[in-house]
Amino acid sequence: MVGACIRQKKRKVCVFLQKERLVFLGRKKGCDTARQERFWKREDICDMRKKWWHDLVGYQIYPKSFQDSNEDGIGDIPGIIRRLDYLQELGINMLWVCPVYRSPMMDHGYDISDYTQVDPMFGTNRDLEELIRKAKERGITVIMDLVINHTSSEHPWFLEACRDPEGKYGQYYIIRKGKEGQPPNNWRSLFGGSAWEPIGESGYFYLHLFTKGQPDLNWDNEALRRELYQMINGWLEMGIGGFRIDAIAHIKKDLSGGNVPADGPDGLGNGMRFFRNMEGIEAYLQELKENTFQRYDCFTLAEVDDIPDSRLDAYIGEDGYYCTVFDFCHCHHNLRDGEWEGRGEEMLLDIRDRVFARQKAMCGRGFFCNYQENHDMTRIPDRFLKKEDQNFYSMSMLPVLYFYLAGIPMVYQGQEIGMTGFDRNSMEEYADPATFGIYRDYLMQGMTEEAALHKINASIREHSRTPMQWSGEKYAGFSQSEPWFACNPGYPSCNVERQQADENSLLCFFKKVIALRRNSDYQETWIYGSFTALEEDSAQLWSFERSLAGQRLQIFVNLTGREALTKSEVHGTVLLDNYGELAEADGRLALKAWQAVVVKAGEQQE
Ligand code: GLC
Ligand code: CA
């Protein structure tokens, strides 16, 4: 139990942190709950009931590319089991496994044809049970991907819907009659081309926001929703810790508006405002939660872009729809592509300001899931750093930027060894239908093939899907056979085995980052402490403080390749440092290029 006294309006109140919840002992008689809540919010402590999932530190696995066990060149569940010791040693305690359900693999598993079965490519349901059990033995909770905005076009429901678009299963999808052979509207799919596909010669079209192999489900249909809840509960019964919930912001669509303004010569346009976070979605999210997740007290992590600050309570507050959501505020920044091209320092400062603003809005109300990489984005060193700047110091400062923010940190496979993308010489070397859809759109907009390939190389999500680099052996120790997707040719120098043997490697530093995040002396502060931005006007630093019950932990990261001085004096104990040596000048920190430190500030005088 940690006890602490906090001054407030000349009155001393005591706050005790107990195992189950934070208890407020200074409650003023007759104070109503709403006022009491406001009172809490002003403190440097979060008034949150403790939940079992608050201390999670996650690791995302893209199963096709993690570890092959039967030498068919494709990663699988037994392969993940083989690497559990590695994951335990890394220090994480939650695994998010991307979809392993039966699938034609049009979107590499995000197109599910049977929600109840593991695809033979990945193993069996028994393998999955074994993974969950063995992970649990190591203190690791497994969460699965939940893809319920759409199914595969080979799902039996959809096959039946195509046979009889007006029948029961026709109502499970978004199917409309076309107008004179044309689709019902001109929405562009998120993966390029029209979002509508004709159903044979029937005159009907179905909606697919993603590939045409992923027809969108009709959430307005209660019978469908009930079937989904039943399926979800089946998995929770089996003992999984929860779900990462895919594309859930899109389950409600407004088709009443007709065409949107065209944004290309093909007459198609972006219909996002009619199919993301639509009014009325809340009722479905609430119903989903009440009928499934809440009953099992499971962990839920939702993929929801663009939640305004004012809606955070509804989504991730104590009674929110989810435990946590990914925040997307840094996802559209890429040094190699788009508006930030070549403006590295400015870009990192812009990200800092956005992340800090979101932290201020979120802290004390709920939890974001903080991350830098996933299977839908190019690798972080490529997005945040110029090639010539990529070195141990710059790469090791990256995790320090986000690991100690308020929220739940997540690592993506290979991030811990600094995997990067690599340019391809031709489109044939790519494997994702989304890549080809986007490429076709580039050509349609008038780009040359060369320019389109250049843009694809700079920005496409597939860069993060190359096989995990375990060793310098052929195929990077991922498989004995040729992998389904080519390894990064840089694997002989960047791989796990090599970094395990070198105590100055990124991997060893990453372990320290995770260990500090989970160190019981500081964990309460990382999880429940307040967030304060420091030196916000600095043109070089990313610095902030987390504090709880008198403990003040400060993060200072130099975002540049030049020395940076803090403005104010810093006193305390260094808990983490990517140089191993910290210079000071008159009490101020003199940070070397890309230096990142965590300091426990000296005891404050009362
Ligand atoms: C999510 C997934 C992505 C997938 C899409 C459609 O954004 O992360 O990989 O392609 O949904 O399911
Ligand atoms: Ca395999």
# chains A, B, ... in the order shown; residues from 1 in each chain; ligands from 1
$ residues_near_ligand --ligand "ligand 2" --cutoff "6 Å" --atoms "only C-alpha atoms and all ligand atoms" --output "PDB file with C-alpha atoms, in the first residue's frame"
ATOM      1  CA  ASP A  68       7.243 -20.912 -39.335  1.00  0.00           C
ATOM      2  CA  SER A  69       7.266 -24.315 -37.628  1.00  0.00           C
ATOM      3  CA  ASN A  70       6.440 -26.772 -40.434  1.00  0.00           C
ATOM      4  CA  GLU A  71       8.693 -25.302 -43.111  1.00  0.00           C
ATOM      5  CA  ASP A  72       6.019 -24.279 -45.569  1.00  0.00           C
ATOM      6  CA  GLY A  73       7.323 -20.711 -45.552  1.00  0.00           C
ATOM      7  CA  ILE A  74       4.336 -19.361 -43.605  1.00  0.00           C
ATOM      8  CA  GLY A  75       4.362 -18.448 -39.935  1.00  0.00           C
ATOM      9  CA  ASP A  76       1.983 -20.402 -37.695  1.00  0.00           C
TER      10      ASP A  76
END
$ select_by_dssp --residues "region 58-293 of chain A" --states "strand (DSSP E)" --output "PyMOL selection string"
chain A and resi 58-61+94-97+101-102+114-118+141-147+175-177+196-198+204-207+242-246
$ write_last_selection --atoms "N, CA and C atoms" --output "mmCIF file, in the first residue's frame"
data_model
loop_
_atom_site.group_PDB
_atom_site.id
_atom_site.type_symbol
_atom_site.label_atom_id
_atom_site.label_comp_id
_atom_site.auth_asym_id
_atom_site.auth_seq_id
_atom_site.Cartn_x
_atom_site.Cartn_y
_atom_site.Cartn_z
ATOM 1 N N GLY A 58 1.887 -4.728 -24.210
ATOM 2 C CA GLY A 58 1.532 -5.655 -25.282
ATOM 3 C C GLY A 58 2.589 -5.851 -26.349
ATOM 4 N N TYR A 59 2.421 -6.947 -27.074
ATOM 5 C CA TYR A 59 3.285 -7.270 -28.220
ATOM 6 C C TYR A 59 2.379 -7.803 -29.309
ATOM 7 N N GLN A 60 2.467 -7.197 -30.474
ATOM 8 C CA GLN A 60 1.599 -7.609 -31.572
ATOM 9 C C GLN A 60 2.307 -8.591 -32.489
ATOM 10 N N ILE A 61 1.611 -9.677 -32.784
ATOM 11 C CA ILE A 61 2.172 -10.676 -33.692
ATOM 12 C C ILE A 61 1.378 -10.716 -34.986
ATOM 13 N N MET A 94 1.268 -9.254 -22.562
ATOM 14 C CA MET A 94 0.051 -9.429 -23.368
ATOM 15 C C MET A 94 0.450 -9.638 -24.818
ATOM 16 N N LEU A 95 -0.212 -10.568 -25.471
ATOM 17 C CA LEU A 95 0.039 -10.812 -26.889
ATOM 18 C C LEU A 95 -1.216 -10.537 -27.667
ATOM 19 N N TRP A 96 -1.117 -9.707 -28.676
ATOM 20 C CA TRP A 96 -2.230 -9.562 -29.618
ATOM 21 C C TRP A 96 -1.829 -10.325 -30.873
ATOM 22 N N VAL A 97 -2.622 -11.324 -31.181
ATOM 23 C CA VAL A 97 -2.345 -12.140 -32.358
ATOM 24 C C VAL A 97 -3.315 -11.731 -33.472
ATOM 25 N N TYR A 101 -8.078 -17.045 -38.066
ATOM 26 C CA TYR A 101 -9.283 -17.812 -38.389
ATOM 27 C C TYR A 101 -9.233 -18.271 -39.850
ATOM 28 N N ARG A 102 -10.129 -19.203 -40.151
ATOM 29 C CA ARG A 102 -10.191 -19.717 -41.517
ATOM 30 C C ARG A 102 -10.484 -18.569 -42.491
ATOM 31 N N ASP A 114 -14.720 -18.496 -41.585
ATOM 32 C CA ASP A 114 -15.297 -19.259 -40.472
ATOM 33 C C ASP A 114 -14.698 -18.708 -39.177
ATOM 34 N N TYR A 115 -15.587 -18.051 -38.398
ATOM 35 C CA TYR A 115 -15.115 -17.398 -37.173
ATOM 36 C C TYR A 115 -14.711 -18.392 -36.088
ATOM 37 N N THR A 116 -15.125 -19.642 -36.249
ATOM 38 C CA THR A 116 -14.933 -20.560 -35.131
ATOM 39 C C THR A 116 -13.707 -21.460 -35.294
ATOM 40 N N GLN A 117 -13.103 -21.439 -36.478
ATOM 41 C CA GLN A 117 -11.993 -22.367 -36.734
ATOM 42 C C GLN A 117 -10.698 -21.637 -37.052
ATOM 43 N N VAL A 118 -9.614 -22.214 -36.577
ATOM 44 C CA VAL A 118 -8.292 -21.715 -36.964
ATOM 45 C C VAL A 118 -8.006 -22.189 -38.390
ATOM 46 N N THR A 141 -1.113 -12.742 -21.260
ATOM 47 C CA THR A 141 -2.506 -12.840 -21.693
ATOM 48 C C THR A 141 -2.569 -12.763 -23.216
ATOM 49 N N VAL A 142 -3.336 -13.639 -23.822
ATOM 50 C CA VAL A 142 -3.466 -13.603 -25.284
ATOM 51 C C VAL A 142 -4.773 -12.936 -25.673
ATOM 52 N N ILE A 143 -4.697 -11.961 -26.560
ATOM 53 C CA ILE A 143 -5.931 -11.412 -27.114
ATOM 54 C C ILE A 143 -5.962 -11.685 -28.624
ATOM 55 N N MET A 144 -7.185 -11.890 -29.115
ATOM 56 C CA MET A 144 -7.340 -12.236 -30.531
ATOM 57 C C MET A 144 -7.889 -11.025 -31.289
ATOM 58 N N ASP A 145 -7.784 -11.105 -32.591
ATOM 59 C CA ASP A 145 -8.334 -10.044 -33.426
ATOM 60 C C ASP A 145 -9.808 -10.352 -33.656
ATOM 61 N N LEU A 146 -10.632 -9.335 -33.592
ATOM 62 C CA LEU A 146 -12.074 -9.522 -33.794
ATOM 63 C C LEU A 146 -12.484 -8.678 -35.001
ATOM 64 N N VAL A 147 -12.834 -9.365 -36.075
ATOM 65 C CA VAL A 147 -13.130 -8.674 -37.336
ATOM 66 C C VAL A 147 -14.626 -8.804 -37.611
ATOM 67 N N ILE A 175 -26.578 -4.715 -49.199
ATOM 68 C CA ILE A 175 -26.824 -5.054 -50.601
ATOM 69 C C ILE A 175 -27.909 -4.115 -51.132
ATOM 70 N N ARG A 176 -27.638 -3.512 -52.258
ATOM 71 C CA ARG A 176 -28.606 -2.582 -52.854
ATOM 72 C C ARG A 176 -28.703 -2.834 -54.348
ATOM 73 N N LYS A 177 -29.832 -2.454 -54.881
ATOM 74 C CA LYS A 177 -29.986 -2.489 -56.347
ATOM 75 C C LYS A 177 -29.171 -1.341 -56.945
ATOM 76 N N TRP A 196 -18.314 -0.772 -54.246
ATOM 77 C CA TRP A 196 -19.436 -1.662 -54.568
ATOM 78 C C TRP A 196 -19.016 -2.687 -55.608
ATOM 79 N N GLU A 197 -19.526 -3.856 -55.473
ATOM 80 C CA GLU A 197 -19.224 -4.929 -56.420
ATOM 81 C C GLU A 197 -20.551 -5.549 -56.846
ATOM 82 N N PRO A 198 -20.735 -5.760 -58.160
ATOM 83 C CA PRO A 198 -21.997 -6.380 -58.570
ATOM 84 C C PRO A 198 -22.077 -7.845 -58.113
ATOM 85 N N TYR A 204 -27.944 -6.483 -58.366
ATOM 86 C CA TYR A 204 -27.616 -6.072 -56.993
ATOM 87 C C TYR A 204 -26.110 -5.828 -56.865
ATOM 88 N N PHE A 205 -25.792 -4.942 -55.919
ATOM 89 C CA PHE A 205 -24.385 -4.685 -55.590
ATOM 90 C C PHE A 205 -24.203 -4.876 -54.086
ATOM 91 N N TYR A 206 -23.017 -5.297 -53.671
ATOM 92 C CA TYR A 206 -22.736 -5.321 -52.220
ATOM 93 C C TYR A 206 -21.633 -4.326 -51.896
ATOM 94 N N LEU A 207 -21.703 -3.819 -50.683
ATOM 95 C CA LEU A 207 -20.728 -2.821 -50.244
ATOM 96 C C LEU A 207 -19.515 -3.502 -49.615
ATOM 97 N N GLY A 242 -9.166 -11.348 -24.247
ATOM 98 C CA GLY A 242 -9.941 -10.264 -24.833
ATOM 99 C C GLY A 242 -9.682 -10.142 -26.316
ATOM 100 N N PHE A 243 -9.974 -8.944 -26.847
ATOM 101 C CA PHE A 243 -9.883 -8.752 -28.289
ATOM 102 C C PHE A 243 -9.263 -7.414 -28.656
ATOM 103 N N ARG A 244 -8.592 -7.431 -29.794
ATOM 104 C CA ARG A 244 -8.300 -6.193 -30.511
ATOM 105 C C ARG A 244 -9.419 -6.146 -31.561
ATOM 106 N N ILE A 245 -10.140 -5.041 -31.599
ATOM 107 C CA ILE A 245 -11.349 -5.009 -32.406
ATOM 108 C C ILE A 245 -11.119 -4.197 -33.685
ATOM 109 N N ASP A 246 -11.222 -4.903 -34.765
ATOM 110 C CA ASP A 246 -10.857 -4.365 -36.076
ATOM 111 C C ASP A 246 -11.928 -3.453 -36.664
#
$ residues_near_ligand --ligand "ligand 1" --cutoff "7 Å" --atoms "only C-alpha atoms and all ligand atoms" --output "PDB file with all heavy atoms, in the first residue's frame"
ATOM      1  N   ASP A 107      -7.168 -10.627 -47.629  1.00  0.00           N
ATOM      2  CA  ASP A 107      -6.553  -9.546 -46.842  1.00  0.00           C
ATOM      3  C   ASP A 107      -5.754 -10.182 -45.705  1.00  0.00           C
ATOM      4  O   ASP A 107      -5.791  -9.745 -44.565  1.00  0.00           O
ATOM      5  CB  ASP A 107      -7.634  -8.583 -46.324  1.00  0.00           C
ATOM      6  CG  ASP A 107      -7.033  -7.324 -45.692  1.00  0.00           C
ATOM      7  OD1 ASP A 107      -5.832  -7.078 -45.880  1.00  0.00           O
ATOM      8  OD2 ASP A 107      -7.777  -6.605 -45.000  1.00  0.00           O
ATOM      9  N   TYR A 110      -7.803 -10.953 -42.570  1.00  0.00           N
ATOM     10  CA  TYR A 110      -8.857 -10.014 -42.162  1.00  0.00           C
ATOM     11  C   TYR A 110     -10.129 -10.234 -42.993  1.00  0.00           C
ATOM     12  O   TYR A 110     -11.041  -9.424 -42.986  1.00  0.00           O
ATOM     13  CB  TYR A 110      -8.359  -8.560 -42.256  1.00  0.00           C
ATOM     14  CG  TYR A 110      -7.504  -8.195 -41.061  1.00  0.00           C
ATOM     15  CD1 TYR A 110      -6.127  -8.316 -41.112  1.00  0.00           C
ATOM     16  CD2 TYR A 110      -8.083  -7.793 -39.854  1.00  0.00           C
ATOM     17  CE1 TYR A 110      -5.341  -8.025 -39.992  1.00  0.00           C
ATOM     18  CE2 TYR A 110      -7.312  -7.501 -38.746  1.00  0.00           C
ATOM     19  CZ  TYR A 110      -5.947  -7.619 -38.816  1.00  0.00           C
ATOM     20  OH  TYR A 110      -5.179  -7.336 -37.715  1.00  0.00           O
ATOM     21  N   ASP A 111     -10.139 -11.334 -43.707  1.00  0.00           N
ATOM     22  CA  ASP A 111     -11.323 -11.753 -44.455  1.00  0.00           C
ATOM     23  C   ASP A 111     -11.655 -13.161 -43.954  1.00  0.00           C
ATOM     24  O   ASP A 111     -11.026 -14.132 -44.346  1.00  0.00           O
ATOM     25  CB  ASP A 111     -11.047 -11.746 -45.961  1.00  0.00           C
ATOM     26  CG  ASP A 111      -9.728 -12.443 -46.334  1.00  0.00           C
ATOM     27  OD1 ASP A 111      -8.742 -12.343 -45.577  1.00  0.00           O
ATOM     28  OD2 ASP A 111      -9.702 -13.131 -47.373  1.00  0.00           O
ATOM     29  N   VAL A 147     -12.834  -9.365 -36.075  1.00  0.00           N
ATOM     30  CA  VAL A 147     -13.130  -8.674 -37.336  1.00  0.00           C
ATOM     31  C   VAL A 147     -14.626  -8.804 -37.611  1.00  0.00           C
ATOM     32  O   VAL A 147     -15.087  -9.820 -38.131  1.00  0.00           O
ATOM     33  CB  VAL A 147     -12.311  -9.289 -38.493  1.00  0.00           C
ATOM     34  CG1 VAL A 147     -12.465  -8.454 -39.758  1.00  0.00           C
ATOM     35  CG2 VAL A 147     -10.845  -9.414 -38.110  1.00  0.00           C
ATOM     36  N   PHE A 210     -13.384  -2.376 -47.719  1.00  0.00           N
ATOM     37  CA  PHE A 210     -12.005  -2.822 -47.924  1.00  0.00           C
ATOM     38  C   PHE A 210     -11.950  -3.582 -49.262  1.00  0.00           C
ATOM     39  O   PHE A 210     -12.575  -3.136 -50.214  1.00  0.00           O
ATOM     40  CB  PHE A 210     -11.534  -3.622 -46.705  1.00  0.00           C
ATOM     41  CG  PHE A 210     -11.542  -2.773 -45.452  1.00  0.00           C
ATOM     42  CD1 PHE A 210     -12.636  -2.752 -44.593  1.00  0.00           C
ATOM     43  CD2 PHE A 210     -10.471  -1.939 -45.158  1.00  0.00           C
ATOM     44  CE1 PHE A 210     -12.665  -1.933 -43.472  1.00  0.00           C
ATOM     45  CE2 PHE A 210     -10.485  -1.115 -44.040  1.00  0.00           C
ATOM     46  CZ  PHE A 210     -11.579  -1.113 -43.186  1.00  0.00           C
ATOM     47  N   ASP A 246     -11.222  -4.903 -34.765  1.00  0.00           N
ATOM     48  CA  ASP A 246     -10.857  -4.365 -36.076  1.00  0.00           C
ATOM     49  C   ASP A 246     -11.928  -3.453 -36.664  1.00  0.00           C
ATOM     50  O   ASP A 246     -13.118  -3.787 -36.643  1.00  0.00           O
ATOM     51  CB  ASP A 246     -10.655  -5.570 -37.013  1.00  0.00           C
ATOM     52  CG  ASP A 246     -10.170  -5.173 -38.383  1.00  0.00           C
ATOM     53  OD1 ASP A 246      -9.009  -4.766 -38.484  1.00  0.00           O
ATOM     54  OD2 ASP A 246     -10.957  -5.261 -39.346  1.00  0.00           O
ATOM     55  N   ALA A 247     -11.505  -2.342 -37.241  1.00  0.00           N
ATOM     56  CA  ALA A 247     -12.344  -1.499 -38.110  1.00  0.00           C
ATOM     57  C   ALA A 247     -13.742  -1.224 -37.548  1.00  0.00           C
ATOM     58  O   ALA A 247     -14.688  -1.004 -38.304  1.00  0.00           O
ATOM     59  CB  ALA A 247     -12.465  -2.168 -39.488  1.00  0.00           C
ATOM     60  N   HIS A 375       0.928  -3.597 -38.253  1.00  0.00           N
ATOM     61  CA  HIS A 375       0.995  -4.250 -39.573  1.00  0.00           C
ATOM     62  C   HIS A 375       0.385  -3.391 -40.680  1.00  0.00           C
ATOM     63  O   HIS A 375       0.344  -3.814 -41.823  1.00  0.00           O
ATOM     64  CB  HIS A 375       0.253  -5.584 -39.486  1.00  0.00           C
ATOM     65  CG  HIS A 375      -1.211  -5.398 -39.222  1.00  0.00           C
ATOM     66  ND1 HIS A 375      -1.680  -4.859 -38.040  1.00  0.00           N
ATOM     67  CD2 HIS A 375      -2.297  -5.610 -39.998  1.00  0.00           C
ATOM     68  CE1 HIS A 375      -2.990  -4.766 -38.112  1.00  0.00           C
ATOM     69  NE2 HIS A 375      -3.393  -5.220 -39.277  1.00  0.00           N
ATOM     70  N   ASP A 376      -0.123  -2.214 -40.323  1.00  0.00           N
ATOM     71  CA  ASP A 376      -0.761  -1.349 -41.321  1.00  0.00           C
ATOM     72  C   ASP A 376       0.069  -0.128 -41.672  1.00  0.00           C
ATOM     73  O   ASP A 376      -0.417   0.797 -42.325  1.00  0.00           O
ATOM     74  CB  ASP A 376      -2.123  -0.856 -40.789  1.00  0.00           C
ATOM     75  CG  ASP A 376      -3.174  -1.947 -40.799  1.00  0.00           C
ATOM     76  OD1 ASP A 376      -3.071  -2.871 -41.627  1.00  0.00           O
ATOM     77  OD2 ASP A 376      -4.109  -1.877 -39.979  1.00  0.00           O
TER      78      ASP A 376
END
$ closest_residue --among "A:Leu90, A:Val411, A:Ala476, A:Met397" --to "Leu576 (chain A)" --atoms "only C-alpha atoms"
A:Met397
$ select_by_dssp --residues "region 458-572 of chain A" --states "helix (DSSP H, G or I)" --output "MDAnalysis selection string"
chainID A and resid 458:459 461:465 474:477 496:500 506:518 523:528
$ closest_residue --among "A:Gly192, A:Gly280, A:Gly477, A:Pro156" --to "Ala249 (chain A)" --atoms "only C-alpha atoms"
A:Gly280
$ residues_around --residues "region 309-321 of chain A" --least-positions-apart "2" --cutoff "8 Å" --atoms "only C-alpha atoms" --output "PyMOL selection string"
chain A and resi 48-49+285-286+289+307+323-325+358+361-362+365-368
$ residues_around --residues "Gly602 (chain A)" --least-positions-apart "5" --cutoff "10 Å" --atoms "only C-alpha atoms" --output "ChimeraX atom specification"
/A:551-553,570-573
$ write_last_selection --atoms "N, CA, C and O atoms" --output "short mmCIF file (atom, residue, chain, number, x, y, z; two decimals), in the first residue's frame"
data_model
loop_
_atom_site.label_atom_id
_atom_site.label_comp_id
_atom_site.auth_asym_id
_atom_site.auth_seq_id
_atom_site.Cartn_x
_atom_site.Cartn_y
_atom_site.Cartn_z
N GLN A 551 5.87 11.01 -6.18
CA GLN A 551 6.92 10.48 -7.05
C GLN A 551 6.84 11.20 -8.40
O GLN A 551 5.76 11.28 -8.99
N ARG A 552 7.99 11.73 -8.85
CA ARG A 552 7.97 12.46 -10.12
C ARG A 552 8.99 11.86 -11.08
O ARG A 552 10.19 11.85 -10.80
N LEU A 553 8.51 11.34 -12.16
CA LEU A 553 9.37 10.70 -13.14
C LEU A 553 9.38 11.55 -14.41
O LEU A 553 8.32 11.93 -14.90
N VAL A 570 17.61 20.13 -13.72
CA VAL A 570 17.01 18.82 -13.49
C VAL A 570 17.84 18.11 -12.42
O VAL A 570 19.05 18.01 -12.55
N HIS A 571 17.17 17.67 -11.38
CA HIS A 571 17.90 16.97 -10.32
C HIS A 571 17.22 15.65 -10.03
O HIS A 571 16.00 15.58 -10.00
N GLY A 572 18.01 14.65 -9.82
CA GLY A 572 17.40 13.37 -9.49
C GLY A 572 18.29 12.21 -9.88
O GLY A 572 19.48 12.37 -10.12
N THR A 573 17.69 11.06 -9.95
CA THR A 573 18.43 9.84 -10.25
C THR A 573 18.09 9.38 -11.65
O THR A 573 16.91 9.36 -12.03
#
$ residues_around --residues "region 488-500 of chain A" --least-positions-apart "2" --cutoff "6 Å" --atoms "only C-alpha atoms" --output "PDB file with all heavy atoms, in the first residue's frame"
ATOM      1  N   GLN A 469      13.128 -11.314 -38.229  1.00  0.00           N
ATOM      2  CA  GLN A 469      14.540 -11.636 -38.430  1.00  0.00           C
ATOM      3  C   GLN A 469      15.131 -12.224 -37.142  1.00  0.00           C
ATOM      4  O   GLN A 469      15.541 -11.495 -36.244  1.00  0.00           O
ATOM      5  CB  GLN A 469      15.263 -10.362 -38.895  1.00  0.00           C
ATOM      6  CG  GLN A 469      14.783  -9.945 -40.274  1.00  0.00           C
ATOM      7  CD  GLN A 469      15.024  -8.503 -40.659  1.00  0.00           C
ATOM      8  OE1 GLN A 469      14.287  -7.959 -41.480  1.00  0.00           O
ATOM      9  NE2 GLN A 469      16.025  -7.854 -40.075  1.00  0.00           N
ATOM     10  N   TRP A 470      15.128 -13.546 -37.102  1.00  0.00           N
ATOM     11  CA  TRP A 470      15.580 -14.216 -35.877  1.00  0.00           C
ATOM     12  C   TRP A 470      17.092 -14.420 -35.831  1.00  0.00           C
ATOM     13  O   TRP A 470      17.694 -14.386 -34.767  1.00  0.00           O
ATOM     14  CB  TRP A 470      14.876 -15.572 -35.733  1.00  0.00           C
ATOM     15  CG  TRP A 470      13.402 -15.453 -35.500  1.00  0.00           C
ATOM     16  CD1 TRP A 470      12.404 -15.692 -36.400  1.00  0.00           C
ATOM     17  CD2 TRP A 470      12.755 -15.021 -34.299  1.00  0.00           C
ATOM     18  NE1 TRP A 470      11.177 -15.452 -35.831  1.00  0.00           N
ATOM     19  CE2 TRP A 470      11.361 -15.038 -34.537  1.00  0.00           C
ATOM     20  CE3 TRP A 470      13.213 -14.625 -33.037  1.00  0.00           C
ATOM     21  CZ2 TRP A 470      10.434 -14.669 -33.564  1.00  0.00           C
ATOM     22  CZ3 TRP A 470      12.290 -14.267 -32.072  1.00  0.00           C
ATOM     23  CH2 TRP A 470      10.922 -14.291 -32.345  1.00  0.00           C
ATOM     24  N   SER A 471      17.675 -14.684 -37.025  1.00  0.00           N
ATOM     25  CA  SER A 471      19.119 -14.975 -37.021  1.00  0.00           C
ATOM     26  C   SER A 471      19.711 -14.650 -38.385  1.00  0.00           C
ATOM     27  O   SER A 471      18.987 -14.244 -39.299  1.00  0.00           O
ATOM     28  CB  SER A 471      19.350 -16.455 -36.699  1.00  0.00           C
ATOM     29  OG  SER A 471      18.951 -17.233 -37.814  1.00  0.00           O
ATOM     30  N   GLY A 472      20.997 -14.894 -38.541  1.00  0.00           N
ATOM     31  CA  GLY A 472      21.667 -14.626 -39.813  1.00  0.00           C
ATOM     32  C   GLY A 472      21.587 -15.802 -40.774  1.00  0.00           C
ATOM     33  O   GLY A 472      22.097 -15.753 -41.890  1.00  0.00           O
ATOM     34  N   ASP A 502      24.794  -9.065 -27.899  1.00  0.00           N
ATOM     35  CA  ASP A 502      25.472  -7.770 -27.771  1.00  0.00           C
ATOM     36  C   ASP A 502      24.722  -6.906 -26.758  1.00  0.00           C
ATOM     37  O   ASP A 502      23.627  -6.427 -27.025  1.00  0.00           O
ATOM     38  CB  ASP A 502      25.473  -7.101 -29.162  1.00  0.00           C
ATOM     39  CG  ASP A 502      25.983  -5.673 -29.104  1.00  0.00           C
ATOM     40  OD1 ASP A 502      26.455  -5.235 -28.027  1.00  0.00           O
ATOM     41  OD2 ASP A 502      25.899  -4.993 -30.142  1.00  0.00           O
ATOM     42  N   SER A 505      23.046  -3.626 -27.755  1.00  0.00           N
ATOM     43  CA  SER A 505      22.141  -3.631 -28.910  1.00  0.00           C
ATOM     44  C   SER A 505      20.820  -2.951 -28.589  1.00  0.00           C
ATOM     45  O   SER A 505      20.470  -2.730 -27.427  1.00  0.00           O
ATOM     46  CB  SER A 505      21.866  -5.072 -29.325  1.00  0.00           C
ATOM     47  OG  SER A 505      21.173  -5.730 -28.276  1.00  0.00           O
ATOM     48  N   LEU A 507      17.941  -4.325 -29.000  1.00  0.00           N
ATOM     49  CA  LEU A 507      17.099  -5.298 -28.298  1.00  0.00           C
ATOM     50  C   LEU A 507      17.339  -5.236 -26.786  1.00  0.00           C
ATOM     51  O   LEU A 507      16.385  -5.222 -25.998  1.00  0.00           O
ATOM     52  CB  LEU A 507      17.384  -6.714 -28.824  1.00  0.00           C
ATOM     53  CG  LEU A 507      16.658  -7.858 -28.126  1.00  0.00           C
ATOM     54  CD1 LEU A 507      15.145  -7.713 -28.260  1.00  0.00           C
ATOM     55  CD2 LEU A 507      17.095  -9.210 -28.706  1.00  0.00           C
TER      56      LEU A 507
END
$ closest_atom_pairs --of "region 426-446 of chain A" --to "region 263-272 of chain A" --cutoff "10 Å" --atoms "only C-alpha atoms" --output "tab-separated table"
residue	atom	partner	partner_atom	distance
A:Asp441	CA	A:Gly264	CA	8.5
A:Tyr442	CA	A:Gly264	CA	9.7
A:Met444	CA	A:Pro265	CA	7.1
A:Gln445	CA	A:Gly264	CA	6.2
A:Gly446	CA	A:Pro265	CA	9.0
$ write_last_selection --atoms "C-alpha atoms" --output "CSV table (one decimal), in the first residue's frame"
chain,number,residue,atom,x,y,z
A,441,ASP,CA,-5.5,4.6,-58.2
A,442,TYR,CA,-2.2,6.4,-58.5
A,444,MET,CA,-5.6,6.5,-62.6
A,445,GLN,CA,-4.7,9.9,-61.1
A,446,GLY,CA,-2.1,10.3,-63.8
$ atom_distance --atom1 "CA of Phe478 (chain A)" --atom2 "CA of Ile81 (chain A)"
13.6 Å
$ atom_distance --atom1 "CA of Pro183 (chain A)" --atom2 "CA of Gly258 (chain A)"
10.7 Å
$ residues_around --residues "Asn504 (chain A)" --least-positions-apart "3" --cutoff "12 Å" --atoms "only C-alpha atoms" --output "MDAnalysis selection string"
chainID A and resid 392:393 396 417 498:501 507:512 577:580
$ closest_residue --among "A:Gly79, A:Pro104, A:Pro308, A:Gly193" --to "Thr435 (chain A)" --atoms "only C-alpha atoms"
A:Gly193
$ residues_around --residues "Asn558 (chain A)" --least-positions-apart "6" --cutoff "6 Å" --atoms "only C-alpha atoms" --output "VMD selection string"
chain A and resid 540 to 541 594 to 595
